[in-house]
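J.: So that we are looking at the same thing, I have put the structure below in structure tokens.
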Number of protein chains: 2
Amino acid sequence: MSRSKASKRGSARKNTPAAKAPQKKTARARKPREASSAETIAKKQREISVSEFFAKNRHLLGCDNPSKALLTTVKELVDNSLDAADEANIPADVEVRIDELAEDRFLVRCTDNGPGIVARNVPSVFGKLLYGSKFHRLKMSRGQQGIGVSAAGMYGLLTTGKPVKVVSRTSPKKSAQRFEIAIDTQKNQPTVKSQEDTEWDSSHGTQVEIELEASYRKGQHSVDNYIRQISLANPHAQLTYLPPDRSSDADIQVFERVTNELPPETAEIKPHPYGVELGLMMQWLRESTHRNLQGFMSNEFSRVSSRLAGEICDTAGLPRTKKPKAIDQPAAEKLHKAIQKTKIMSPPTDCIAPIGEELLGQAMQSIHPSEFSTAVTRRPAVYRGNPFLVEVSLAFGCDDISAEDSAVMYRYANRVPLQYQQGACAVTKATSSTDWKKYGLQQPRGGMPTGSMVIMVHIASVWVPFTSESKEAIAHYPEIIKEIRLGLQDCGRRLGIHLRRRKREADEAKKRSYIQKYIPQVAVALQEILGFEDKKRDETVEVLTGVLERSRKL
Amino acid sequence: MSRSKASKRGSARKNTPAAKAPQKKTARARKPREASSAETIAKKQREISVSEFFAKNRHLLGCDNPSKALLTTVKELVDNSLDAADEANIPADVEVRIDELAEDRFLVRCTDNGPGIVARNVPSVFGKLLYGSKFHRLKMSRGQQGIGVSAAGMYGLLTTGKPVKVVSRTSPKKSAQRFEIAIDTQKNQPTVKSQEDTEWDSSHGTQVEIELEASYRKGQHSVDNYIRQISLANPHAQLTYLPPDRSSDADIQVFERVTNELPPETAEIKPHPYGVELGLMMQWLRESTHRNLQGFMSNEFSRVSSRLAGEICDTAGLPRTKKPKAIDQPAAEKLHKAIQKTKIMSPPTDCIAPIGEELLGQAMQSIHPSEFSTAVTRRPAVYRGNPFLVEVSLAFGCDDISAEDSAVMYRYANRVPLQYQQGACAVTKATSSTDWKKYGLQQPRGGMPTGSMVIMVHIASVWVPFTSESKEAIAHYPEIIKEIRLGLQDCGRRLGIHLRRRKREADEAKKRSYIQKYIPQVAVALQEILGFEDKKRDETVEVLTGVLERSRKL
């Protein structure tokens with residue numbers, strides 16, 4: 001193609017005849033292989049199993065490199081163990097053991113004291129993507145998608161050919177069962193390689209073993225670090241970690257439980273009407289077994305009383321007694337608009353358990369001892385009908401962070417530390433779009449604030465919107481960014497007060513030492529002018545010093 | 001919980017007795033509701049349809065806010081239209097029309113002159129996620145997942161309750177058919193609301209209409225901008241765009257085709273043995289219909305001749321005549337190791353069609369006229385067995401970009417512009433980890449280079465690894481980052497030469513004007529000392545000026 005023609009593409013030519021009949025013009029340009037092509041393509045069109053999809057896109061699951069694969073596997077196993085124990089109201093006791101089998105081959109074993117998994121469901125839980133108990137509900141938990149652990153097992157199978165090994169026991173009265181499970185990626189179905197009764201010294205719990213291609217590293221994104229961060233956000237759990245490079249029992253790390261109090265049990269909630277889209281509501285109406293619209297509205301949604309349901313029907317101009325199934329698209333649209341016009345209470349918030357300001361502050365001090373720290377737990381807010389809550393903790397003047405560095409960031413979602421994709425996270429966006437100069441910090445344009453500082457943000461929700469299946473970063477919902485920013489500003493203001501006070505103290509100390517230095521000279525001058533005795537002069541020095549002391553305004 | 005206890009969690013206590021029997025200790029702490037809990041959870045465990053999953057996680061599909069939803073819908077429709085036309089060898093002619101139906105309600109219509117879609121497949125193509133012709137192959141195309149267009153349709157349905165409308169015609173001999181298709185999200189199956197013959201003035205092609213909740217904006221992430229960027233990367237296609245705010249035909253934008261030459265047809269390839277994991281290879285062995293291992297190896301992989309296949313078998317210590325189905329895990333592991341030890345040619349590269357240095361440079365000049373621009377098309381490389389190729393174009397000294405700003409970045413994957421998630425993209429990572437100071441530019445630590453500069457990166461591959469289903473950023477595969485960096489360095493070196501020359505020219509010009517200024521004085525001085533005539537003096541000025549001219553070393 002010619003150089004001159006190409007450069008015209010920058011500016012669109014307006015209103016040419018071609019704009020009106022684009023199809024015809026080019027049909028002439030080259031005789032297309034029409035029907036045959038549509039047929040050729042048609043023969044190739046077929047269904048893709050969700051396992052095939054994620055096997056090919058394994059980076060979506062957090063397995064794009066060997067060290068990340070190891071971390072992701074540990075993370076998914078520990079998340080599941082903690083969720084299971086919490087849900088069964090058992091103080092969690094989780095042991096993670098990693099063995100290096102060869103240079104690039106590891107065995108991860110995670111053992112918990114949770115309620116166990118009933119035998120009939122074990123194959124699907126570990127050998128089928130998109131299967132689980134947490135997706136079809138609105139309840140705060142670590143896992144939510146039904147992907148994590150089976151994806152970790154699939155990665156192990158893909159890279160080593162070895163199935164996942166599971167031991168599970170649901171009661172001391174029943175024997176433990178041992179499974180070997182491989183996922184059939186083409187069908188997204190589990191293949192049970194073996195299943196048998198086995199001896200196990202625990203009365204209930206689950207043990208999972210995954211062999212995988214991986215590599216073990218120390219440092220920022222290490223498993224060691226991760227386990228430590230989990231323990232900080234889960235003080236009610238006991239974690240035992242056997243790292244791959246252990247040479248004796250002395251290398252076993254135990255993070256003891258520091259409280260016997262479990263986090264408050266969180267309730268499952270119904271969706272809030274403000275967050276339900278028209279199309280979804282139409283689907284629910286079609287499937288509804290309620291006899292009338294008023295009953296449908298008051299039973300299927302959170303915060304809609306029967307009275308309020310009637311009011312919404314009236315606003316929509318629809319009879320309260322109309323059968324839900326009989327509501328067509330235009331009627332549903334009226335109903336949807338009526339909902340937005342009606343004042344409805346925010347969703348209940350007992351469905352979210354914050355870590356709490358006290359514990360956040362303690363956690364912060366234990367990782368990064370600092371001259372100043374503060375924490376804020378915000379009130380719950382709502383995005384797309386889902387309640388969520390933001391907690392922010394901030395430490396300033398940390399010994400281990402240079403004043404020239406960018407602030408160090410820790411991100412948590414439903415008590416799970418987020419390790420990767422910081423740049424893609426709503427937390428980062430909120431932090432870099434906060435004006436930190438107001439609080440006395442330096443900040444490059446559009447960047448993170450600079451200083452010897454740690455920022456920790458926790459988001460708790462019945463449904464955390466992650467930017468990918470690997471759950472590494474939180475999506476940019478405006479309501480979430482706003483809440484994080486408000487939390488950061490709360491902490492920032494307190495930091496600002498601290499920094500200003502520190503500056504004032506420094507200024508005053510400087511002034512004071514200056515005055516202190518000259519008090520004797522002043523006294524000597526007075527002595528000369530007024531003819532004091534030496535004693536009187538010393539008294540004057542004392543009085544002036546006393547005045548100076550009292551005048552400290554701190 | 002007590003403050004003092006919590007702070008101990010920062011450091012693990014080593015080798016406590018609890019490390020050895022974690023389960024037992026806590027079983028005592030609180031009597032768990034064991035079996036009943038496992039049963040309770042079991043009752044809730046069930047399958048999640050992939051449509052339900054993406055409906056809840058719609059931000060994964062690029063629909064987390066109304067203006068992004070509009071752009072994503074246009075993008076998916078145009079991608080499909082261009083792919084279809086390219087594949088059928090038809091010079092593409094695509095018309096995008098957007099109508100504003102209400103403040104937050106839009107109708108997007110995309111019409112192409114492609115080969116059309118055979119009627120029996122239309123419902124699945126538009127009403128089922130993970131269905132398509134592009135997933136189960138290794139071939140460069142815009143779409144690859146079988147998610148995009150059905151997801152856009154699902155978003156429309158969810159937000160407006162309106163089904164997708166499709167008109168398709170595969171041949172002038174057949175009549176066009178019109179469909180209304182809604183996706184059943186609980187089953188991930190299409191529901192055909194209507195299907196009928198219809199009049200259509202095109203002899204072949206597809207027209208899709210999606211009504212959705214959206215908002216229309218101008219600016220960086222606008223549809224207007226996007227269409228322009230597509231046209232730049234697809235000079236063989238004609239694009240017509242009818243924006244929602246058009247008031248007359250004069251507002252219709254036509255981006256004319258500038259070449260009748262289609263991009264070279266790209267071949268479908270077989271997987272390269274280096275990129276195939278053990279587990280996947282075991283699956284292929286099990287499903288293989290080849291009679292012996294040698295045949296399996298030479299037929300199923302790219303770049304493996306019969307001779308080389310035999311060699312691999314020998315290295316693995318496996319008989320060449322062994323039945324593929326009979327190969328167990330340990331034997332497969334030997335085979336896998338033997339492959340890694342064998343020298344195998346890189347995959348063929350006719351499967352990738354670069355845009356080309358010339359066109360890239362032109363595209364760049366047409367968007368950002370600049371004092372300097374350059375482009376590099378790298379040789380193909382391989383990640384996980386998939387060939388890919390990187391192209392980089394760079395423009396410096398652009399009128400519309402301030403020298404204090406960060407460089408402006410354009411990212412393309414398989415000729416599709418990427419709009420969001422720049423922070424999460426391998427391109428950004430590669431750019432910020434390149435040392436631009438070497439080339440005479442400023443660069444904050446770990447950031448983008450500063451300057452009046454545009455950087456454009458195109459990645460072409462038979463399988464582009466995106467960080468999410470919405471295909472907004474490229475995953476951080478080390479091989480990809482390396483190639484991008486090498487491309488950036490190529491361009492950077494050329495820019496460095498330009499900048500050094502510019503500096504030398506400026507220095508020399510300064511020196512020259514300085515000397516030029518003093519030549520008459522020198523001549524006068526010589527005249528005085530040597531007693532010249534005025535004529536001789538003027539001659540001297542001329543001679544000296546001549547010497548100065550000739551001594552310019554540029």
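Residues are named by chain letter and number: chains run A, B, ... in the order of the structure tokens, numbers start at 1 in each chain, and ligands are numbered from 1 in the order shown.
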I'd like the neighbourhood of Leu394 (chain A) as a list in words, where a residue qualifies if any of its atoms comes within 7 Å (using only C-alpha atoms), though same-chain residues fewer than 5 positions away should be ignored.

T.: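 Here the answer would be Ser373, Thr374, Ala375, Val454, Ile455, Met456 and Cys491 of chain A.
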
J.: So that I can see what lies close to Leu495 (chain B), please list as a PDB file with N, CA, C and O atoms, in the first residue's frame the residues with an atom at most 12 Å from it, counting only C-alpha atoms and leaving out residues fewer than 3 positions away in the same chain.

T.:
```
ATOM      1  N   GLU B 371       8.443  15.026  15.255  1.00  0.00           N
ATOM      2  CA  GLU B 371       9.730  15.347  14.638  1.00  0.00           C
ATOM      3  C   GLU B 371      10.524  14.079  14.326  1.00  0.00           C
ATOM      4  O   GLU B 371      11.387  14.067  13.467  1.00  0.00           O
ATOM      5  N   PHE B 372      10.224  12.974  15.051  1.00  0.00           N
ATOM      6  CA  PHE B 372      10.959  11.732  14.824  1.00  0.00           C
ATOM      7  C   PHE B 372      10.040  10.541  15.064  1.00  0.00           C
ATOM      8  O   PHE B 372       9.281  10.523  16.028  1.00  0.00           O
ATOM      9  N   SER B 373      10.066   9.575  14.160  1.00  0.00           N
ATOM     10  CA  SER B 373       9.336   8.345  14.462  1.00  0.00           C
ATOM     11  C   SER B 373      10.050   7.148  13.859  1.00  0.00           C
ATOM     12  O   SER B 373      10.788   7.258  12.881  1.00  0.00           O
ATOM     13  N   THR B 374       9.848   6.000  14.486  1.00  0.00           N
ATOM     14  CA  THR B 374      10.500   4.780  14.026  1.00  0.00           C
ATOM     15  C   THR B 374       9.621   3.591  14.397  1.00  0.00           C
ATOM     16  O   THR B 374       8.741   3.704  15.255  1.00  0.00           O
ATOM     17  N   ALA B 375       9.836   2.462  13.733  1.00  0.00           N
ATOM     18  CA  ALA B 375       9.038   1.270  14.029  1.00  0.00           C
ATOM     19  C   ALA B 375       9.885   0.023  13.865  1.00  0.00           C
ATOM     20  O   ALA B 375      10.800  -0.019  13.032  1.00  0.00           O
ATOM     21  N   SER B 393       6.335   0.809  17.774  1.00  0.00           N
ATOM     22  CA  SER B 393       6.519   2.048  17.034  1.00  0.00           C
ATOM     23  C   SER B 393       6.626   3.171  18.054  1.00  0.00           C
ATOM     24  O   SER B 393       6.008   3.120  19.108  1.00  0.00           O
ATOM     25  N   LEU B 394       7.455   4.167  17.725  1.00  0.00           N
ATOM     26  CA  LEU B 394       7.720   5.224  18.694  1.00  0.00           C
ATOM     27  C   LEU B 394       7.774   6.558  17.955  1.00  0.00           C
ATOM     28  O   LEU B 394       8.375   6.652  16.875  1.00  0.00           O
ATOM     29  N   ALA B 395       7.108   7.550  18.501  1.00  0.00           N
ATOM     30  CA  ALA B 395       7.173   8.895  17.920  1.00  0.00           C
ATOM     31  C   ALA B 395       7.618   9.862  18.997  1.00  0.00           C
ATOM     32  O   ALA B 395       7.138   9.794  20.132  1.00  0.00           O
ATOM     33  N   PHE B 396       8.540  10.763  18.640  1.00  0.00           N
ATOM     34  CA  PHE B 396       9.048  11.724  19.627  1.00  0.00           C
ATOM     35  C   PHE B 396       8.892  13.146  19.093  1.00  0.00           C
ATOM     36  O   PHE B 396       9.037  13.387  17.896  1.00  0.00           O
ATOM     37  N   GLY B 397       8.625  14.048  20.021  1.00  0.00           N
ATOM     38  CA  GLY B 397       8.446  15.446  19.632  1.00  0.00           C
ATOM     39  C   GLY B 397       7.093  15.657  18.986  1.00  0.00           C
ATOM     40  O   GLY B 397       6.985  16.175  17.880  1.00  0.00           O
ATOM     41  N   TRP B 436      15.166   4.026  30.112  1.00  0.00           N
ATOM     42  CA  TRP B 436      15.050   5.051  29.073  1.00  0.00           C
ATOM     43  C   TRP B 436      16.086   6.151  29.227  1.00  0.00           C
ATOM     44  O   TRP B 436      16.285   6.945  28.309  1.00  0.00           O
ATOM     45  N   LYS B 437      16.696   6.237  30.402  1.00  0.00           N
ATOM     46  CA  LYS B 437      17.712   7.276  30.608  1.00  0.00           C
ATOM     47  C   LYS B 437      18.886   7.074  29.656  1.00  0.00           C
ATOM     48  O   LYS B 437      19.495   8.037  29.202  1.00  0.00           O
ATOM     49  N   LYS B 438      19.153   5.798  29.359  1.00  0.00           N
ATOM     50  CA  LYS B 438      20.212   5.464  28.400  1.00  0.00           C
ATOM     51  C   LYS B 438      20.007   6.143  27.063  1.00  0.00           C
ATOM     52  O   LYS B 438      20.960   6.391  26.328  1.00  0.00           O
ATOM     53  N   TYR B 439      18.751   6.370  26.708  1.00  0.00           N
ATOM     54  CA  TYR B 439      18.455   6.948  25.394  1.00  0.00           C
ATOM     55  C   TYR B 439      18.207   8.458  25.487  1.00  0.00           C
ATOM     56  O   TYR B 439      17.662   9.058  24.562  1.00  0.00           O
ATOM     57  N   GLY B 440      18.563   9.041  26.631  1.00  0.00           N
ATOM     58  CA  GLY B 440      18.481  10.497  26.748  1.00  0.00           C
ATOM     59  C   GLY B 440      17.140  11.012  27.229  1.00  0.00           C
ATOM     60  O   GLY B 440      16.829  12.187  27.077  1.00  0.00           O
ATOM     61  N   LEU B 441      16.318  10.107  27.816  1.00  0.00           N
ATOM     62  CA  LEU B 441      15.018  10.552  28.306  1.00  0.00           C
ATOM     63  C   LEU B 441      15.016  10.571  29.832  1.00  0.00           C
ATOM     64  O   LEU B 441      15.829   9.919  30.471  1.00  0.00           O
ATOM     65  N   GLY B 451       8.260  12.581  28.418  1.00  0.00           N
ATOM     66  CA  GLY B 451       8.653  13.237  27.184  1.00  0.00           C
ATOM     67  C   GLY B 451       7.478  13.377  26.242  1.00  0.00           C
ATOM     68  O   GLY B 451       6.435  12.744  26.420  1.00  0.00           O
ATOM     69  N   MET B 453       6.114  12.086  23.751  1.00  0.00           N
ATOM     70  CA  MET B 453       6.380  10.813  23.069  1.00  0.00           C
ATOM     71  C   MET B 453       5.176   9.885  23.080  1.00  0.00           C
ATOM     72  O   MET B 453       4.405   9.849  24.024  1.00  0.00           O
ATOM     73  N   VAL B 454       5.039   9.137  21.981  1.00  0.00           N
ATOM     74  CA  VAL B 454       4.012   8.102  21.900  1.00  0.00           C
ATOM     75  C   VAL B 454       4.691   6.760  21.678  1.00  0.00           C
ATOM     76  O   VAL B 454       5.591   6.649  20.846  1.00  0.00           O
ATOM     77  N   ILE B 455       4.280   5.747  22.424  1.00  0.00           N
ATOM     78  CA  ILE B 455       4.792   4.396  22.230  1.00  0.00           C
ATOM     79  C   ILE B 455       3.615   3.502  21.844  1.00  0.00           C
ATOM     80  O   ILE B 455       2.565   3.547  22.477  1.00  0.00           O
ATOM     81  N   LEU B 488      11.299  -2.308  22.377  1.00  0.00           N
ATOM     82  CA  LEU B 488      11.389  -0.942  22.904  1.00  0.00           C
ATOM     83  C   LEU B 488      12.834  -0.456  22.864  1.00  0.00           C
ATOM     84  O   LEU B 488      13.107   0.702  22.528  1.00  0.00           O
ATOM     85  N   GLN B 489      13.767  -1.365  23.183  1.00  0.00           N
ATOM     86  CA  GLN B 489      15.177  -0.977  23.185  1.00  0.00           C
ATOM     87  C   GLN B 489      15.650  -0.635  21.769  1.00  0.00           C
ATOM     88  O   GLN B 489      16.386   0.332  21.574  1.00  0.00           O
ATOM     89  N   ASP B 490      15.200  -1.424  20.777  1.00  0.00           N
ATOM     90  CA  ASP B 490      15.533  -1.111  19.381  1.00  0.00           C
ATOM     91  C   ASP B 490      15.106   0.318  19.047  1.00  0.00           C
ATOM     92  O   ASP B 490      15.891   1.124  18.537  1.00  0.00           O
ATOM     93  N   CYS B 491      13.850   0.604  19.344  1.00  0.00           N
ATOM     94  CA  CYS B 491      13.331   1.942  19.043  1.00  0.00           C
ATOM     95  C   CYS B 491      14.044   2.990  19.896  1.00  0.00           C
ATOM     96  O   CYS B 491      14.348   4.088  19.422  1.00  0.00           O
ATOM     97  N   GLY B 492      14.287   2.653  21.155  1.00  0.00           N
ATOM     98  CA  GLY B 492      14.946   3.574  22.071  1.00  0.00           C
ATOM     99  C   GLY B 492      16.339   3.956  21.579  1.00  0.00           C
ATOM    100  O   GLY B 492      16.728   5.130  21.613  1.00  0.00           O
ATOM    101  N   HIS B 498      18.930   9.885  17.455  1.00  0.00           N
ATOM    102  CA  HIS B 498      18.283  11.121  16.999  1.00  0.00           C
ATOM    103  C   HIS B 498      18.498  12.251  18.000  1.00  0.00           C
ATOM    104  O   HIS B 498      18.843  13.375  17.626  1.00  0.00           O
ATOM    105  N   LEU B 499      18.292  11.920  19.292  1.00  0.00           N
ATOM    106  CA  LEU B 499      18.402  12.966  20.310  1.00  0.00           C
ATOM    107  C   LEU B 499      19.841  13.471  20.435  1.00  0.00           C
ATOM    108  O   LEU B 499      20.077  14.668  20.601  1.00  0.00           O
ATOM    109  N   ARG B 500      20.809  12.527  20.339  1.00  0.00           N
ATOM    110  CA  ARG B 500      22.208  12.957  20.417  1.00  0.00           C
ATOM    111  C   ARG B 500      22.570  13.824  19.218  1.00  0.00           C
ATOM    112  O   ARG B 500      23.264  14.826  19.338  1.00  0.00           O
ATOM    113  N   ARG B 501      22.066  13.425  18.035  1.00  0.00           N
ATOM    114  CA  ARG B 501      22.357  14.219  16.846  1.00  0.00           C
ATOM    115  C   ARG B 501      21.727  15.612  16.983  1.00  0.00           C
ATOM    116  O   ARG B 501      22.332  16.626  16.658  1.00  0.00           O
ATOM    117  N   ARG B 502      20.499  15.628  17.502  1.00  0.00           N
ATOM    118  CA  ARG B 502      19.815  16.899  17.677  1.00  0.00           C
ATOM    119  C   ARG B 502      20.615  17.803  18.605  1.00  0.00           C
ATOM    120  O   ARG B 502      20.761  19.003  18.373  1.00  0.00           O
TER     121      ARG B 502
END
```

J.: Under the rule that only C-alpha atoms are counted, which of A:His336, A:Glu52, A:Leu101, A:Gly310 is the nearest residue to Met281 (chain A)?

T.: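 Closest to Met281 (chain A), using only C-alpha atoms: A:His336.
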
J.: Between A:Glu479, A:Asp245, A:Glu199, A:Glu528, which residue has the minimum interatomic distance to chain B, considering only C-alpha atoms?

T.: A:Glu479

J.: Write out as a VMD selection string which residues come within 10 Å of region 215-231 of chain B when counting only C-alpha atoms, dropping same-chain ones fewer than 2 positions away.

T.: (chain A and resid 9 to 12) or (chain B and resid 65 to 75 78 to 79 96 98 100 102 to 106 212 to 213 233 to 245 253 to 258 363 367 410 412 415 to 420)

J.: Write out as a VMD selection string which residues come within 8 Å of Lys325 (chain A) when counting only C-alpha atoms, dropping same-chain ones fewer than 6 positions away.

T.: chain A and resid 285 to 288

J.: Could you write out the selected residues, including N, CA, C and O atoms, as an mmCIF file, in the first residue's frame?

T.:
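Listed below is the output, result01.cif:
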```cif
data_model
loop_
_atom_site.group_PDB
_atom_site.id
_atom_site.type_symbol
_atom_site.label_atom_id
_atom_site.label_comp_id
_atom_site.auth_asym_id
_atom_site.auth_seq_id
_atom_site.Cartn_x
_atom_site.Cartn_y
_atom_site.Cartn_z
ATOM 1 N N LEU A 285 -38.978 -13.246 38.020
ATOM 2 C CA LEU A 285 -40.442 -13.192 37.911
ATOM 3 C C LEU A 285 -40.958 -14.436 37.198
ATOM 4 O O LEU A 285 -41.915 -15.069 37.628
ATOM 5 N N ARG A 286 -40.280 -14.795 36.109
ATOM 6 C CA ARG A 286 -40.688 -15.980 35.331
ATOM 7 C C ARG A 286 -40.637 -17.244 36.174
ATOM 8 O O ARG A 286 -41.471 -18.121 36.067
ATOM 9 N N GLU A 287 -39.593 -17.343 37.004
ATOM 10 C CA GLU A 287 -39.382 -18.571 37.773
ATOM 11 C C GLU A 287 -40.125 -18.560 39.110
ATOM 12 O O GLU A 287 -40.113 -19.548 39.838
ATOM 13 N N SER A 288 -40.762 -17.444 39.427
ATOM 14 C CA SER A 288 -41.341 -17.274 40.754
ATOM 15 C C SER A 288 -42.506 -18.237 40.990
ATOM 16 O O SER A 288 -43.290 -18.544 40.091
#
```

J.: Using only C-alpha atoms, pick whichever of B:Leu544, B:Met297, B:Leu389, B:Ala475 has the shortest atom-to-atom distance to Leu60 (chain A).

T.: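 Of the candidates, the smallest distance to Leu60 (chain A) is held by B:Ala475.
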
J.: As a list in words, please: every residue in region 205-277 of chain B that a backbone DSSP assignment puts in helix (DSSP H, G or I).

T.: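 Residues meeting the helix (DSSP H, G or I) criterion: Val223, Asp224, Asn225, Tyr226, Ile227, Arg228, Gln229, Ile230, Ser231, Leu232, Ala233, Asp249, Ala250, Asp251, Pro273, Tyr274 and Gly275 of chain B.
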
J.: From the options A:Gln527, A:Asn113, A:Ser175, A:Thr377, which residue's atoms come nearest to Gly487 (chain A), counting only C-alpha atoms?

T.: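 Comparing A:Gln527, A:Asn113, A:Ser175, A:Thr377 against Gly487 (chain A), the winner is A:Thr377.
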
J.: Measuring between only C-alpha atoms, which one of B:Val125, B:Ala460, B:Ala55, B:Ile352 shows the shortest distance to Ile41 (chain A)?

T.: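 Smallest distance to Ile41 (chain A) is found for B:Val125.
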
J.: I need the residues in region 18-224 of chain B that are strand (DSSP E or B) according to DSSP; give them as a PyMOL selection string.

T.: chain B and resi 46-47+93-102+105-112+131-132+138+164-169+176-184+189-198+205-213

J.: Find the residues around Val166 (chain A) up to 7 Å (only C-alpha atoms counted), leave out those fewer than 6 positions away in its own chain, and share them as a PDB file with N, CA and C atoms, in the first residue's frame.

T.:
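Resulting contents of part.pdb:
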```
ATOM      1  N   ARG A 178     -10.454 -42.010  51.467  1.00  0.00           N
ATOM      2  CA  ARG A 178      -9.340 -41.488  50.704  1.00  0.00           C
ATOM      3  C   ARG A 178      -9.686 -41.559  49.223  1.00  0.00           C
ATOM      4  N   PHE A 179      -9.467 -40.456  48.508  1.00  0.00           N
ATOM      5  CA  PHE A 179      -9.812 -40.374  47.088  1.00  0.00           C
ATOM      6  C   PHE A 179      -8.591 -39.997  46.263  1.00  0.00           C
ATOM      7  N   GLU A 180      -8.579 -40.464  45.014  1.00  0.00           N
ATOM      8  CA  GLU A 180      -7.674 -39.891  44.005  1.00  0.00           C
ATOM      9  C   GLU A 180      -8.556 -39.389  42.874  1.00  0.00           C
ATOM     10  N   GLN A 207      -7.974 -33.406  54.268  1.00  0.00           N
ATOM     11  CA  GLN A 207      -6.562 -33.276  53.920  1.00  0.00           C
ATOM     12  C   GLN A 207      -6.458 -33.380  52.388  1.00  0.00           C
ATOM     13  N   VAL A 208      -5.786 -32.419  51.786  1.00  0.00           N
ATOM     14  CA  VAL A 208      -5.674 -32.409  50.322  1.00  0.00           C
ATOM     15  C   VAL A 208      -4.203 -32.368  49.933  1.00  0.00           C
ATOM     16  N   GLU A 209      -3.844 -33.197  48.956  1.00  0.00           N
ATOM     17  CA  GLU A 209      -2.474 -33.188  48.442  1.00  0.00           C
ATOM     18  C   GLU A 209      -2.468 -32.904  46.960  1.00  0.00           C
TER      19      GLU A 209
END
```

J.: Any idea what's packed within 10 Å of region 82-88 of chain A, counting only C-alpha atoms, ignoring anything in its chain fewer than 2 positions away? Could you give it as an MDAnalysis selection string?

T.: (chainID A and resid 77:80 90:94 112:117 134 140:143 205:206 234 236:238 262:266) or (chainID B and resid 32:38 40:41)
